[in-house]
Each structure stands twice: as structure tokens, then as C-alpha cells.
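J.: Please find one structure pasted underneath; my questions will follow.
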Amino acid sequence: MTTLLIVIFFLALLLIGVPIFVVIAGLTIYLLFSSQIDISAIIIEMHRMATTPVLVAIPLFTFAGYLLSASGAPQRLIRLSNAILGWMPGGLSVIALVTCAVFTALTGATGLTIIALGGILLPAMMRGRYSEVFSLGLLTTSGTLGLLFPPSLPLIIYAIVAKVRIDQLFIAGLLPGLLLVVLLSAFCVYKSVRTDVPKTKFQLKELVTATREILWELPLPFVVLGGIYSGYFAVSEAAAITAVYVLFAEVVIYRDIHIRELPEIMKKSMLLVGGILLILGAAMGLTNYLVDAEIPMRLLDFVKANIESRIIFLVVLNIFLLVVGCTMGIFSALVVVVPLLAPIAKAYGIDPIHLGIIFLANLEIGASIPPLGINLFIASMRFEKPILRLYLASLPFIAILLLALAIITYVPWLSLALID
């Protein structure tokens with residue numbers, strides 16, 4: 001009973017805004033102390049995490065993402081997308097989706113896409129005669145679109161926590177990620193045709209100019225993914241190459257970023273990384289306690305005693321993860337919940353790679369689900385709109401994302417086909 005009250009106390013601290021790493025670390029220290037386990041177990045877990053080779057990819061990919069965010073890359077990407085897709089019905093809305101997906105994949109920071117691109121895309125969509133409600137819903141739910149595409153940080157963190165091959169996870173996310181983008185794009189085209197949104201004429205000259213502008217940034221995804229899957233370099237080496245390449249392109253070639261601006265960009269990106277690593281370190285210590293106390297096995301026995309069907313388990317899993325995605329940060333959810341759910345999912349015959357894609361798809365969607373989805377609050381501040389208006393605007397897009405989630409969950413081929 002005392003332990004339960006302590007857990008409730010720490011949850012209350014979380015709800016009133018105490019930093020999550022403080023809550024997790026405090027709870028871990030209490031649980032270890034009450035179980036007479038040396039608290040050096042936390043330090044051991046932190047050291048084990050720090051010596052994980054792939055961990056170095058997190059700060060390098062994050063720094064590259066923040067460099068791209070601070071440069072003119074978003075505008076160049078939007079211009080190229082418009083030159084390619086602007087002629088089709090709903091072209092501008094599809095451009096917004098694709099741009100947000102690519103940008104989120106590169107930065108891996110939830111909400112940063114809304115902040116960085118919202119001010120560009122919302123006025124453009126309004127000028128393109130899209131309704132305000134449609135535009136707000138699209139941009140709000142697109143804030144985390146792209147987390148299934150490499151080199152997304154949540155993919156890397158899941159791979160570290162679940163101890164799966166990161167290159168397999170990268171490639172497993174491609175088809176599910178494309179499914180999300182394609183279904184949302186189809187809805188955008190349908191709405192644009194119904195509301196008679198005007199199209200722009202295709203111009204070869206504009207396509208050539210836009211391609212020439214982004215020529216140095218365009219090869220980046222192919223260099224990173226091609227290098228990893230061809231075996232030329234590891235994920236950590238790919239992260240280093242990406243950071244150096246982006247730094248050279250934005251500072252030397254495009255000159256969008258002055259050298260004196262680099263310290264501030266580094267500081268912002270490393271603040272995010274520092275937060276992630278603090279959460280990871282604290283959560284790994286908590287995971288160590290949970291494993292020692294056989295909590296996952298007890299939870300597994302409880303679930304198996306009450307849920308016999310694999311299908312029912314997946315339904316319950318999705319509902320639980322959507323709630324987690326709505327109420328917790330993605331990074332916190334990954335390091336706290338994955339160690340609890342992975343053994344249970346394995347007992348039901350769910351591949352750990354497939355579980356990772358289900359997990360991230362749920363968290364991606366949960367970030368936009370009312371009433372607590374973080375994207376809703378970020379969009380409300382960014383667009384200066386009432387939160388209730390964003391709730392209503394997001395509902396049609398959430399319904400489509402939930403349909404895609406069902407397909408991703410119950411068709412494991414989609415996640416595993418490219419790695420078999």
C-alpha cells in the first residue's frame with residue numbers, strides 16, 4: 001500500500017509539471033532503496049547506455065535537423081514540392097503533408113515541424129483558397145507525420161530500448177509511413193475537388209529552377225539510407241556524415257547560416273538531446289528495477305489470464321498506446337513503456353520490429369488526439385487559435401490516421417516485407 005501511494009504521489013508531481021526525468025529518477029531511487037538494491041544500479045544502466053555505439057547518432061542527427069530548420073531548406077523544399085505537385089487537385093495540401101513528413105523525419109522533434117513550417121504553410125494554404133478549418137486540421141495532425149521515416153530519433157530510441165537492429169527498423173517504417181501519407185493525401189485531394197480549390201499550372205522552368213536551388217540538399221536522404229543499407233557505413237557514421245554535409249551545405253554553399261549563429265543552434269539542439277538522455281538514463285534505471293522485481297512477467301501473466309485472443313490484445317494495445325501518446329511525451333513513452341510491453345507482445349507472437357512500428361504509429365497519432373495531444377497545444381500557440389477549434393479541425397484527419405493504424409497493426413506484412 002505504501003509503494004502504491006508513493007507511485008501515486010510521483011504521478012501527481014508529473015501532472016503538475018515537474019520534469020519527467022526528475023519524477024522517474026526519484027521514483028527509481030525510492031523503489032531501489034525500499035527493495036534494498038544498491039542505487040548504483042542507476043549509474044550502471046547509464047554507463048551501459050552511454051557505451052551503446054548507436055547513441056552517438058542522436059546528437060548528430062538532431063544537430064543536422066536544427067541546422068536545416070534554421071536555414072532556407074524548408075522554403076526550398078516547399079518550392080520544389082509545389083513545382084512537382086502544384087498542378088494536381090489538392091496539390092498544395094499534399095505538398096504540406098510531404099514537406100511536414102520529410103521535415104519531421106529529419107529533425108525527429110515532435111512539434112518543431114508545426115513551429116518551423118506552420119508560419120509558411122498556413123498563409124500559403126489560405127491564399128490557395130483552402131478553408132481555415134481544413135488547413136488547421138491538416139497542419140496540426142502533420143506535426144508528427146514522418147516519425148516512421150528514417151533517420152527519425154524515436155526510431156533510434158526504440159531500437160536502443162528494445163534491442164533490435166536499427167537498420168531493420170529504419171526500413172520497416174517506410175511502407176507504413178507511406179501508407180499514412182498516401183491516405184491523408186487521398187483525403188486532401190477528395191476535399192479539394194469537392195470544394196473546387198484552384199490548381200496551379202505545371203511549369204518546367206519552375207521545376208528546373210526549384211531543383212537547382214535544392215540541388216545540394218536533395219541527395220541527403222539517399223546518401224544516408226543508401227550508405228546504411230549498402231553496408232558502406234553504420235548508423236552512427238551516417239549521422240556524422242549527415243551533420244558534416246548539412247553544416248557544409250547551409251554555412252558554406254547556401255550561406256543561410258552565419259558561423260556566429262552556430263553556437264545558438266548547437267545550444268538549442270543539445271538542450272533537446274540533453275533532455276532525451278536524462279529521460280533515457282532515469283528510465284533505464286527504472287527498467288532495471290522492474291525487471292528485477294519481475295513486473296513484466298507478472299503483467300504478462302495477468303494479460304494472458306484475461307486476454308486469450310491475439311486480435312483482442314492488439315485492440316487493447318492500440319487503445320493503451322493512444323492514451324499514452326496523448327498524455328506522455330514520445331521519448332518518455334518509449335523508454336518507460338517499451339520494456340513493459342515487449343515481453344507481452346512477444347508472448348502473443350508479435351515481431352519486435354512490427355511492435356516498434358505499431359508503437360510509433362500510435363504515439364504519432366496520439367500526439368494529435370484531444371484533449372491532451374501535445375500537437376494541439378503547440379498548434380494553438382503557433383496559429384493563435386482556440387484549442388477547441390483545433391479539436392474539431394483535427395477530427396477528420398485523426399479518423400483517417402486511425403484507419404491507417406488498423407491496417408499497420410493487422411497487416412504485419414506492411415512492416416516486415418522489406419526486411420524479409
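In the C-alpha cells, the first chain shown is A, the next is B, and so on; residue numbers restart at 1 for each chain, and ligands run from 1 in the order shown.
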Name the residues in contact with stretch 242-244 of chain A at a cut-off of 9 Å, using only C-alpha atoms, excluding same-chain residues fewer than 6 positions from it; report them as a VMD selection string.
T.: chain A and resid 60 to 65 67 220 to 221 223 to 224
J.: Please save N, CA and C atoms of the selected residues as a compact mmCIF listing (two decimals), in the first residue's frame.
T.:
# COMPACT_ATOMS: atom_id res chain seq x y z
N LEU A 60 23.99 13.91 -33.27
CA LEU A 60 24.42 14.30 -34.62
C LEU A 60 23.22 14.51 -35.54
N PHE A 61 22.27 13.60 -35.54
CA PHE A 61 21.07 13.78 -36.36
C PHE A 61 20.25 14.98 -35.88
N THR A 62 20.21 15.19 -34.56
CA THR A 62 19.46 16.33 -34.02
C THR A 62 20.08 17.64 -34.45
N PHE A 63 21.39 17.73 -34.38
CA PHE A 63 22.09 18.95 -34.80
C PHE A 63 21.84 19.23 -36.28
N ALA A 64 21.91 18.19 -37.11
CA ALA A 64 21.65 18.36 -38.54
C ALA A 64 20.21 18.84 -38.78
N GLY A 65 19.26 18.29 -38.02
CA GLY A 65 17.87 18.70 -38.16
C GLY A 65 17.66 20.16 -37.79
N LEU A 67 19.93 22.52 -37.88
CA LEU A 67 20.56 23.33 -38.92
C LEU A 67 19.61 23.52 -40.11
N LEU A 220 20.60 14.20 -49.80
CA LEU A 220 20.87 13.83 -48.41
C LEU A 220 20.19 12.53 -47.97
N PRO A 221 18.87 12.37 -48.16
CA PRO A 221 18.24 11.11 -47.72
C PRO A 221 18.81 9.89 -48.43
N VAL A 223 21.87 9.56 -49.68
CA VAL A 223 23.24 9.30 -49.18
C VAL A 223 23.17 8.54 -47.86
N VAL A 224 22.30 9.02 -46.94
CA VAL A 224 22.20 8.41 -45.62
C VAL A 224 21.68 6.98 -45.72
J.: Hey, what's within 7 Å of stretch 194-208 of chain A if we count only C-alpha atoms and toss same-chain stuff fewer than 6 positions away? As a PyMOL selection string, please?
T.: chain A and resi 80+83-84+86-90+129-130
J.: Keeping only C-alpha atoms, write the selected residues to a file as a JSON list (two decimals), in the first residue's frame.
T.:
[["chain", "number", "residue", "atom", "x", "y", "z"],
["A", 80, "LEU", "CA", 10.24, 22.04, -55.17],
["A", 83, "ALA", "CA", 6.74, 22.66, -58.74],
["A", 84, "ILE", "CA", 6.20, 18.89, -58.81],
["A", 86, "GLY", "CA", 1.12, 22.01, -57.56],
["A", 87, "TRP", "CA", -0.75, 21.12, -60.77],
["A", 88, "MET", "CA", -2.76, 18.25, -59.25],
["A", 89, "PRO", "CA", -6.07, 18.65, -57.35],
["A", 90, "GLY", "CA", -5.23, 19.42, -53.74],
["A", 129, "ARG", "CA", -8.43, 29.13, -51.05],
["A", 130, "TYR", "CA", -8.37, 26.22, -48.63]]
J.: Just the residues within 9 Å of stretch 132-145 of chain A, please, counting only C-alpha atoms, with nothing from its chain fewer than 4 positions along; format it as a ChimeraX atom specification.
T.: /A:93,96-98,100-105,108-115,117-118,121-122,125-126,149,177,180-181,184,188,191,363-365,367-369,375-376,378-380,383,389-398
J.: So that I can check the surroundings of stretch 161-171 of chain A, please list as a list in words every protein, DNA and RNA residue that reaches within 7 Å of it, counting only C-alpha atoms and ignoring chain neighbours fewer than 2 positions away.
T.: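 My list of contacting residues is Phe149, Pro150, Leu155, Ile156, Ile157, Tyr158, Ala159, Gly173, Leu174, Val335, Val338, Pro339, Ile353, Leu418 and Ile419 of chain A.
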J.: What is the atom CA of A:Trp216 to atom CA of A:Ala249 distance in Å?
T.: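 Taking atom CA of A:Trp216 and atom CA of A:Ala249, their separation equals 6.6 Å.
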J.: Select, from A:Gly285, A:Gly366, A:Pro263, A:Pro59, the residue with the minimum atom-to-atom distance to A:Thr327, counting only C-alpha atoms.
T.: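 Smallest separation from A:Thr327 among the options: A:Gly366.
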J.: Which residue out of A:Ile374, A:Ile39, A:Ile214, A:Met328 has the minimum interatomic distance to A:Arg76 when only C-alpha atoms are used?
T.: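 That would be A:Ile214, the residue with the smallest distance to A:Arg76.
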J.: Ranking A:Leu27, A:Leu403, A:Leu153, A:Ile42 by minimum distance to A:Val56 and counting only C-alpha atoms, which one comes first?
T.: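 So, comparing all the options, the nearest one is A:Leu153.
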J.: Out of A:Val337, A:Leu32, A:Met270, A:Leu147, which residue has the shortest atom-to-atom distance to A:Phe320 when counting only C-alpha atoms?
T.: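 Going through A:Val337, A:Leu32, A:Met270, A:Leu147 one by one, the smallest distance to A:Phe320 is for A:Val337.
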J.: Could you work out how far atom CA of A:Ile24 lies from atom CA of A:Ile8, giving the answer in Å with one decimal?
T.: 12.4 Å
J.: Atom CA of A:Leu278 to atom CA of A:Val324: how many Å, to one decimal?
T.: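 Atom CA of A:Val324 lies at a distance of 19.7 Å from atom CA of A:Leu278.
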J.: For A:Ile6, which of A:Ser34, A:Val22, A:Pro371, A:Ile78 is the closest residue, counting only C-alpha atoms?
T.: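 Between A:Ser34, A:Val22, A:Pro371, A:Ile78, the residue approaching A:Ile6 most closely is A:Ser34.
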J.: Could you find all residues in stretch 211-260 of chain A that DSSP calls alpha helix (DSSP H) from the backbone, and write them as a list in words?
T.: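 Taking stretch 211-260 of chain A and keeping alpha helix (DSSP H) gives Thr211, Arg212, Glu213, Leu220, Pro221, Phe222, Val223, Val224, Leu225, Gly226, Gly227, Ile228, Tyr229, Ser230, Val235, Ser236, Glu237, Ala238, Ala239, Ala240, Ile241, Thr242, Ala243, Val244, Tyr245, Val246 and Leu247 of chain A.
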J.: When you count only C-alpha atoms, which of these residues is closest to A:Ala361: A:Pro386, A:Pro412, A:Pro343, A:Gly146?
T.: A:Gly146
